[in-house]
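Remarks on the structure that follows.
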Amino acid sequence: MSNLLEVKNLKKYFKTNRGLLHAVDDVSFTIPRGKTLGIVGESGCGKSTLGRTVIHLHEKTSGQILFDGKDISDVDKHQLKALREDMQMIFQDPFSSLNPRMSVSQLIAEPLLIYKKCSGKELEQTVMQLMDTVGLAQRLYNSYPHELDGGRRQRIGIARALALSPKFIVCDEPVSALDVSIQAQIINLMQDLQEEHQLTYMFITHDMSVVRHISDDIMVMYLGMMVECCDSEEIFHNRFHPYTKALLDAVPIPQVREKKERRLIKGEITSPIHPGDECRFAKRCPYADQICFEKTPVSEEICPGHFVSCHHVREINHLQENK
Amino acid sequence: MSKILEIKDLTIHYVTDSEVVRAVNDISIELEEGESLGLVGETGAGKTTTALGVLGLVPNPPGKVISGEVIYKGQDLLKLSDAEMRKIRGREISMIFQDPMTALNPVLTVGDQIMEVVRLHQKVSKAEAMKRAMEMMEMVGIEGARCGEYPHQFSGGMKQRIVIAIALACNPNLLIADEPTTALDVTIQAQVLDLIDNLKKKFNTSMLLITHDLGVVAEVCDKVAIVYAGRIVEYGTLNHIYNNPHHPYTNGLFGSIPDFSHKAHRLNPIKGLMPDPSNLPEGCAFAERCPHVTDACRKKQPIAVEVEPGHFVRCLLHEKEVR
Amino acid sequence: MEKEKQSTPVIHKKKNSQFRNILRRFMKNQTAVFGLVIIFLLVIFALFPSQLSHADYTVQDLANRYSGPSAEHWLGTDELGRDMYTRIVWGCRTSLTIGLASVAIACAIGVTLGTLAGYFGGVLDNVLMRIVDILMAVPNLLLGISIVAALGNSITVLVFAIALGNIAAFSRVTRSSVITVRDTEYVEAARATGASDGRIMWKYVLPNALAPIIVQVTTSLAGSILNISGLSFVGLGVPAPTPEWGSMLSNARTIMRDYPLQIMFPGIAIMLTVFAFNLFGDGLRDALDPRLKN
């Protein structure tokens, strides 16, 4: 099996005071071993929920998750604990994802202690090794996270995720809270670690340039649904869904260029509470017509490996019916 | 064109019992009427303190303006009394803050909040002020009829538009925007940037834009100042900075951003961290991270040299070249 | 990969360095150390009352009632001519024991309930909090009276009765503090690492929810000592001749106008105790928080 992770029709609904929130709705994807899937979308599109549901931090509403060939859709407490050794997570905000009462060494030792991997001298050595791997100086062994800057804290988060030598890491906006120069250092570190340890990443972000840089495949989400999914190079050259187009057009590029007229989309993201049978992007879509408000589009393979959910994808992009 | 704002050698320190934080050091900026200048730098570089300095809002204590002049239309703002300053703030110069969620008063309707600014600075009747408030809301793309609603009834992007409406309610000559789009999603950011750009052209307002995002600067600014550890290290037109960057820090920043148009295998980040502003080195603050560092850099503070007309660089490397 | 240069040799610290750090931070705090010194003195008084004052606190001198401070009676005498100083020193033992013991019990039970309710939420939270509501609905004094009436009048029962009245406050304070910590990202991070609920509660939630609990300890301590007096007032507190600050205070209340000193000395004793625990508690809270290192 070349796919480490296979997710089929995953749904996660939350009960809220205003009704049932469809945070993740019928999302399917696969991640090949050692590759990176980038999940992009704006706030509230369900990308973080998706990542957390895959590693059972939230319990799914329905759907199937296959990890390393095994069905892990439903697991009990013991299976889950065993599973967590292989699936870890790096969190967005290095300022709030570390227990302020623990020192650097305690933070990194925590996963090793929980799984009783080692103790005493050996534990100390493993922690030092991990600190070395992520580029933390050993003099910080007894420091506390509040004494460190964001970049170093994120290195602690990465060391924790690596401690149990997992196969798969969900990275939830791991660099969004960092300054650009530090962001680049962390991205390079994560890429090096991926090569060294054959890690598979699910990289969640809202930053288009970062996602392009680090991902092999990219999935664009909008209000809980997959909108477009394909190879990361492909999406920057041939994007088919009107939302993907608007999203990429909106990214400010650090280059002096002609002020071009951008295809701005109007309106704002709503929240997917009790969504009806319609395309969720229809209200903001310039191409929307009758059918978009009546039927939820299904994902179609427009060309090999390129999936799009849009009723009018062929007309908009002047494509031939591929049958 | 005439000069609207000139900051000369502004130095602001935060003085506490235990340390002196040198937040802003000898910053000089010129801004013509109708022009926008981007103040770019990382967290803690002193961008926001500079803006607060212009408005006379540096919290005192511990903040202290050590030296310098802020000349707005021929008068030095730093010499004005509090009462005189209040007349200028909001009416002549207004500010947009980073977080639209906290910049609005949750218990007042948005209409009231816009009206308040209008009535504070212009002698108009309540009805006239309300009319003006509705006009402002229409101008930023929100129905005027919604002026009776409270901030929580609006989404993040709309709140930021309302903040902009408040800032522009009195037709200020100068707008200071502190990370106005950082808290927003890309598609909404694009809408807000477009809005700011259009309004600026319409009213010939000058703008000081504070941001860490080189992409945003490229979209809306004419001039750029790169700030590092409280000093402007490079200053010039958009074209100078983006197409012909001289300072190693500027180059480092561009190397840190994943390129949106090409996929590179690795990023070239700047190594290390920004020095602690309470403990700045004697020489160039960037010396420790600079790939071209020489012994002289550690001893001597470089002066700004004009490498081409209107393009200033503060680096010993270029000091020699010019001579 | 850019690695930070190892500029200093590895500093090897043993595990108890954390305790030493806390101690060092605590010792730096002068007011907290002052509080600790007072507590230390109070404990000495409580342990050796006969050495530090008269051995017999019941000696009456009816000719010398309500006398002011003198060389013979340092703090004067009470309504039966008993030496005030002796009674305050002996009272220290009773008051401190009952106060500390009841607060310790209330704290242990209340914090456990509050943590469970706050951390798990849902049905458990509802059930536990309704029980606490019931406890809260009954006035502390009434609760105490009914328990002492039912179980008999002894120090143990008294401690238990007063503790029961304090449980509600502890569990409520703990619960609200736990709820804010429960939703932090580092708790989620711990869960993602595979930590069990018990470990999360013990190592992540409780240490970060501690500050308001410590404040509650000092408030409850004062309340408890005064509560004993309430029970003594209705004749269910500490049996008659045994000196106890709360009862001394309430006895003196009736004659406050004529003999203000009678109410002042036990009052000062209670105040000093609460004050000392307050300073100590604040210092402890700060010392336990590594973020306030400097």
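Identifiers for the structure tokens are assigned positionally: chains receive A, B, ... in sequence, residues are indexed from 1 per chain, and ligands are indexed from 1 in the order shown.
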Query - Nearby residues (only C-alpha atoms) at most 10 Å from range 17-34 of chain C, same-chain spacing under 4 positions excluded, as a PyMOL selection string - result: (chain A and resi 102-103+142) or (chain C and resi 12-13+38-40+276-290+292-294)
Determine, for each residue of chain A having at least one atom at most 8 Å from an atom of chain B, the closest pair of atoms and their separation in Å to one decimal, counting only C-alpha atoms; order by chain and ascending number, as a Markdown table.
```
| residue | atom | partner | partner_atom | distance |
| --- | --- | --- | --- | --- |
| A:Glu42 | CA | B:Asp185 | CA | 5.7 |
| A:Ser43 | CA | B:Asp185 | CA | 6.7 |
| A:Asp179 | CA | B:Glu42 | CA | 5.9 |
| A:Val180 | CA | B:Ser256 | CA | 6.1 |
| A:Ser181 | CA | B:Ser256 | CA | 5.4 |
| A:Ile182 | CA | B:Pro269 | CA | 7.3 |
| A:Gln183 | CA | B:Ser256 | CA | 7.5 |
| A:Ala184 | CA | B:Ser256 | CA | 5.1 |
| A:Gln185 | CA | B:Pro269 | CA | 5.7 |
| A:Ile187 | CA | B:Leu267 | CA | 8.0 |
| A:Asn188 | CA | B:Arg266 | CA | 6.6 |
| A:His206 | CA | B:Asp185 | CA | 7.9 |
| A:Met208 | CA | B:Phe260 | CA | 7.6 |
| A:Ser209 | CA | B:Phe260 | CA | 4.9 |
| A:Val210 | CA | B:Pro258 | CA | 5.8 |
| A:Arg212 | CA | B:Lys263 | CA | 7.1 |
| A:His213 | CA | B:Lys263 | CA | 5.9 |
| A:Ala246 | CA | B:Thr187 | CA | 7.3 |
| A:Leu247 | CA | B:Thr187 | CA | 6.0 |
| A:Ala250 | CA | B:Ala190 | CA | 5.3 |
| A:Val251 | CA | B:Val186 | CA | 6.1 |
| A:Pro252 | CA | B:Gly215 | CA | 4.5 |
| A:Ile253 | CA | B:Gly215 | CA | 4.4 |
| A:Pro254 | CA | B:Gly215 | CA | 3.8 |
| A:Gln255 | CA | B:Ala218 | CA | 6.0 |
| A:Val256 | CA | B:Ala218 | CA | 5.9 |
| A:Lys259 | CA | B:Glu219 | CA | 7.7 |
| A:Leu264 | CA | B:Gln191 | CA | 6.9 |
| A:Ile265 | CA | B:Thr187 | CA | 7.0 |
| A:Lys266 | CA | B:Gln191 | CA | 7.9 |
| A:Glu268 | CA | B:Ile188 | CA | 7.2 |
```
Fewer than 6 positions away in the same chain doesn't count, so skip those; otherwise give me all residues within 10 Å of Tyr222 in chain A, counting only C-alpha atoms, as an mmCIF file with N, CA, C and O atoms, in the first residue's frame.
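around15.cif, written as the output of this step:
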```cif
data_model
loop_
_atom_site.group_PDB
_atom_site.id
_atom_site.type_symbol
_atom_site.label_atom_id
_atom_site.label_comp_id
_atom_site.auth_asym_id
_atom_site.auth_seq_id
_atom_site.Cartn_x
_atom_site.Cartn_y
_atom_site.Cartn_z
ATOM 1 N N ALA A 23 -19.235 21.085 10.045
ATOM 2 C CA ALA A 23 -17.854 21.587 9.999
ATOM 3 C C ALA A 23 -17.050 20.879 8.916
ATOM 4 O O ALA A 23 -16.267 21.506 8.206
ATOM 5 N N VAL A 24 -17.226 19.575 8.803
ATOM 6 C CA VAL A 24 -16.593 18.811 7.730
ATOM 7 C C VAL A 24 -17.697 17.970 7.116
ATOM 8 O O VAL A 24 -18.391 17.248 7.816
ATOM 9 N N VAL A 40 -5.928 23.936 2.386
ATOM 10 C CA VAL A 40 -6.046 25.389 2.474
ATOM 11 C C VAL A 40 -7.499 25.811 2.495
ATOM 12 O O VAL A 40 -8.381 25.103 2.021
ATOM 13 N N GLY A 41 -7.710 26.981 3.013
ATOM 14 C CA GLY A 41 -9.052 27.530 3.085
ATOM 15 C C GLY A 41 -9.049 28.665 4.075
ATOM 16 O O GLY A 41 -8.075 28.862 4.799
ATOM 17 N N GLU A 42 -10.147 29.413 4.087
ATOM 18 C CA GLU A 42 -10.200 30.560 4.989
ATOM 19 C C GLU A 42 -10.742 30.120 6.333
ATOM 20 O O GLU A 42 -11.193 28.997 6.497
ATOM 21 N N SER A 43 -10.699 31.035 7.291
ATOM 22 C CA SER A 43 -11.131 30.649 8.627
ATOM 23 C C SER A 43 -12.581 30.163 8.586
ATOM 24 O O SER A 43 -13.409 30.713 7.883
ATOM 25 N N GLY A 44 -12.857 29.128 9.324
ATOM 26 C CA GLY A 44 -14.208 28.594 9.373
ATOM 27 C C GLY A 44 -14.527 27.612 8.266
ATOM 28 O O GLY A 44 -15.680 27.214 8.107
ATOM 29 N N CYS A 45 -13.517 27.208 7.478
ATOM 30 C CA CYS A 45 -13.822 26.277 6.394
ATOM 31 C C CYS A 45 -13.740 24.839 6.859
ATOM 32 O O CYS A 45 -13.994 23.921 6.100
ATOM 33 N N GLY A 46 -13.334 24.628 8.110
ATOM 34 C CA GLY A 46 -13.313 23.266 8.632
ATOM 35 C C GLY A 46 -11.994 22.555 8.478
ATOM 36 O O GLY A 46 -11.899 21.374 8.744
ATOM 37 N N LYS A 47 -10.945 23.269 8.073
ATOM 38 C CA LYS A 47 -9.671 22.591 7.846
ATOM 39 C C LYS A 47 -9.048 22.079 9.153
ATOM 40 O O LYS A 47 -8.550 20.955 9.187
ATOM 41 N N GLU A 228 -11.638 21.727 -4.399
ATOM 42 C CA GLU A 228 -10.723 21.314 -5.456
ATOM 43 C C GLU A 228 -9.558 20.595 -4.804
ATOM 44 O O GLU A 228 -9.115 20.971 -3.716
ATOM 45 N N TYR A 243 -13.931 29.333 -6.797
ATOM 46 C CA TYR A 243 -13.438 29.779 -5.493
ATOM 47 C C TYR A 243 -11.917 29.728 -5.446
ATOM 48 O O TYR A 243 -11.274 30.663 -4.970
ATOM 49 N N THR A 244 -11.344 28.643 -5.953
ATOM 50 C CA THR A 244 -9.884 28.534 -5.965
ATOM 51 C C THR A 244 -9.284 29.698 -6.741
ATOM 52 O O THR A 244 -8.287 30.292 -6.337
ATOM 53 N N ILE A 269 -17.779 34.820 4.127
ATOM 54 C CA ILE A 269 -18.072 33.436 4.478
ATOM 55 C C ILE A 269 -19.174 33.416 5.521
ATOM 56 O O ILE A 269 -19.160 34.185 6.469
ATOM 57 N N PRO A 272 -21.590 27.104 8.067
ATOM 58 C CA PRO A 272 -22.380 26.005 7.505
ATOM 59 C C PRO A 272 -23.310 25.369 8.539
ATOM 60 O O PRO A 272 -23.159 24.218 8.892
ATOM 61 N N ARG A 280 -22.301 25.396 -1.690
ATOM 62 C CA ARG A 280 -22.111 26.340 -0.578
ATOM 63 C C ARG A 280 -21.437 27.620 -1.007
ATOM 64 O O ARG A 280 -21.449 28.619 -0.301
ATOM 65 N N PHE A 281 -20.835 27.604 -2.186
ATOM 66 C CA PHE A 281 -20.163 28.803 -2.665
ATOM 67 C C PHE A 281 -21.113 29.653 -3.517
ATOM 68 O O PHE A 281 -20.805 30.781 -3.874
#
```
Query raised in the report: Got a sec to pull out which chain A residues are within 6 Å of chain C, counting only C-alpha atoms, and send them as a ChimeraX atom specification?
Result: /A:81,84,96-99,111,135,137,139
Atoms to include: all heavy atoms. Write the selected residues as a compact mmCIF listing (two decimals), in the first residue's frame.
```
# COMPACT_ATOMS: atom_id res chain seq x y z
N LYS A 81 -4.67 4.94 22.09
CA LYS A 81 -3.38 5.29 22.67
C LYS A 81 -2.25 4.73 21.81
O LYS A 81 -1.25 5.40 21.56
CB LYS A 81 -3.28 4.76 24.11
CG LYS A 81 -2.09 5.35 24.83
CD LYS A 81 -2.09 5.10 26.32
CE LYS A 81 -0.78 5.65 26.90
NZ LYS A 81 -0.61 5.40 28.29
N ARG A 84 -1.91 6.86 18.68
CA ARG A 84 -1.32 8.19 18.86
C ARG A 84 0.20 8.16 18.73
O ARG A 84 0.82 9.18 18.43
CB ARG A 84 -1.69 8.74 20.24
CG ARG A 84 -3.14 9.12 20.37
CD ARG A 84 -3.33 10.62 20.19
NE ARG A 84 -4.69 10.94 19.80
CZ ARG A 84 -5.70 11.12 20.65
NH1 ARG A 84 -5.47 11.05 21.93
NH2 ARG A 84 -6.89 11.42 20.21
N SER A 96 0.43 29.22 23.08
CA SER A 96 -0.61 28.66 23.94
C SER A 96 -0.64 27.14 23.92
O SER A 96 -1.38 26.54 24.68
CB SER A 96 -1.98 29.21 23.53
OG SER A 96 -2.30 28.78 22.24
N SER A 97 0.18 26.51 23.10
CA SER A 97 0.07 25.04 23.03
C SER A 97 1.10 24.35 23.92
O SER A 97 1.22 23.14 23.89
CB SER A 97 0.20 24.56 21.59
OG SER A 97 1.43 24.93 21.07
N LEU A 98 1.83 25.12 24.71
CA LEU A 98 2.78 24.50 25.63
C LEU A 98 2.37 24.84 27.06
O LEU A 98 2.08 25.99 27.37
CB LEU A 98 4.19 25.03 25.38
CG LEU A 98 4.76 24.79 23.97
CD1 LEU A 98 6.09 25.51 23.81
CD2 LEU A 98 4.94 23.32 23.71
N ASN A 99 2.35 23.83 27.92
CA ASN A 99 2.00 24.04 29.32
C ASN A 99 3.01 24.99 29.97
O ASN A 99 4.18 24.67 30.07
CB ASN A 99 1.99 22.69 30.04
CG ASN A 99 1.51 22.80 31.47
OD1 ASN A 99 1.37 23.90 32.01
ND2 ASN A 99 1.27 21.66 32.08
N PRO A 111 5.80 13.04 26.11
CA PRO A 111 5.32 11.87 25.35
C PRO A 111 6.10 10.60 25.68
O PRO A 111 5.51 9.52 25.71
CB PRO A 111 5.53 12.28 23.89
CG PRO A 111 6.20 13.59 23.89
CD PRO A 111 6.16 14.15 25.25
N GLY A 135 17.15 21.63 16.59
CA GLY A 135 17.95 22.84 16.65
C GLY A 135 17.71 23.70 17.88
O GLY A 135 17.69 24.92 17.79
N ALA A 137 19.32 24.72 21.47
CA ALA A 137 20.57 24.62 22.21
C ALA A 137 20.33 23.94 23.55
O ALA A 137 19.28 24.12 24.17
CB ALA A 137 21.15 26.01 22.45
N ARG A 139 21.57 24.43 26.36
CA ARG A 139 21.51 25.29 27.55
C ARG A 139 20.07 25.67 27.87
O ARG A 139 19.78 26.19 28.93
CB ARG A 139 22.37 26.54 27.33
CG ARG A 139 21.82 27.50 26.33
CD ARG A 139 22.79 28.63 26.00
NE ARG A 139 22.61 29.05 24.62
CZ ARG A 139 21.64 29.86 24.22
NH1 ARG A 139 20.80 30.35 25.10
NH2 ARG A 139 21.53 30.18 22.95
```
Report task. Enumerate as a ChimeraX atom specification all residues of range 155-254 of chain C assigned to alpha helix (DSSP H) by DSSP on the backbone, naming them with the chain letters and numbers the document uses. Result -> /C:155-182,185-193,197-199,206-233,245-253
Query raised in the report: What lies within 10 Å of Glu128 in chain B using only C-alpha atoms, ignoring chain neighbours under 5 positions off, as a list of chain:residue names?
Result: B:Met115, B:Val118, B:Arg119, B:Lys123, B:Ala133, B:Met134
Report task. Skip Ala117 in chain C itself and residues of its chain fewer than 5 positions away, then list as a PyMOL selection string all residues within 7 Å of it, counting only C-alpha atoms. Result -> chain C and resi 124-125+128+175
For the selection just defined, write its residues with N, CA, C and O atoms to a file, as an mmCIF file, in the first residue's frame.
```cif
data_model
loop_
_atom_site.group_PDB
_atom_site.id
_atom_site.type_symbol
_atom_site.label_atom_id
_atom_site.label_comp_id
_atom_site.auth_asym_id
_atom_site.auth_seq_id
_atom_site.Cartn_x
_atom_site.Cartn_y
_atom_site.Cartn_z
ATOM 1 N N LEU C 124 -22.015 14.613 34.509
ATOM 2 C CA LEU C 124 -21.273 14.592 35.766
ATOM 3 C C LEU C 124 -21.235 15.990 36.387
ATOM 4 O O LEU C 124 -21.472 16.172 37.579
ATOM 5 N N ASP C 125 -20.944 16.965 35.542
ATOM 6 C CA ASP C 125 -20.894 18.352 35.979
ATOM 7 C C ASP C 125 -22.226 18.757 36.597
ATOM 8 O O ASP C 125 -22.287 19.326 37.688
ATOM 9 N N LEU C 128 -22.862 16.854 40.012
ATOM 10 C CA LEU C 128 -22.000 17.352 41.092
ATOM 11 C C LEU C 128 -22.367 18.772 41.494
ATOM 12 O O LEU C 128 -22.428 19.111 42.676
ATOM 13 N N ARG C 175 -13.979 24.661 39.779
ATOM 14 C CA ARG C 175 -14.641 24.327 38.533
ATOM 15 C C ARG C 175 -14.469 25.433 37.496
ATOM 16 O O ARG C 175 -14.099 25.189 36.366
#
```
Requested in this report: Using only C-alpha atoms, determine which residues lie at most 9 Å from Phe203 in chain B, disregarding the query and same-chain residues fewer than 2 positions distant; provide the list as a PyMOL selection string.
Outcome: chain B and resi 34+171-173+198-201+205
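Between CA of Gly230 in chain B and CA of Asp295 in chain B lies a distance of 22.0 Å.
Taking only C-alpha atoms into account, Cys221 in chain B lies nearest to B:Leu209 out of the set B:Ala45, B:Ala285, B:Ala129, B:Leu209.
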Report task. Would you list the contacts of Glu179 in chain B as a PyMOL selection string, taking every protein, DNA or RNA residue within 7 Å and counting only C-alpha atoms, but skipping same-chain residues closer than 6 positions in sequence? Result -> chain B and resi 97-98+210-211
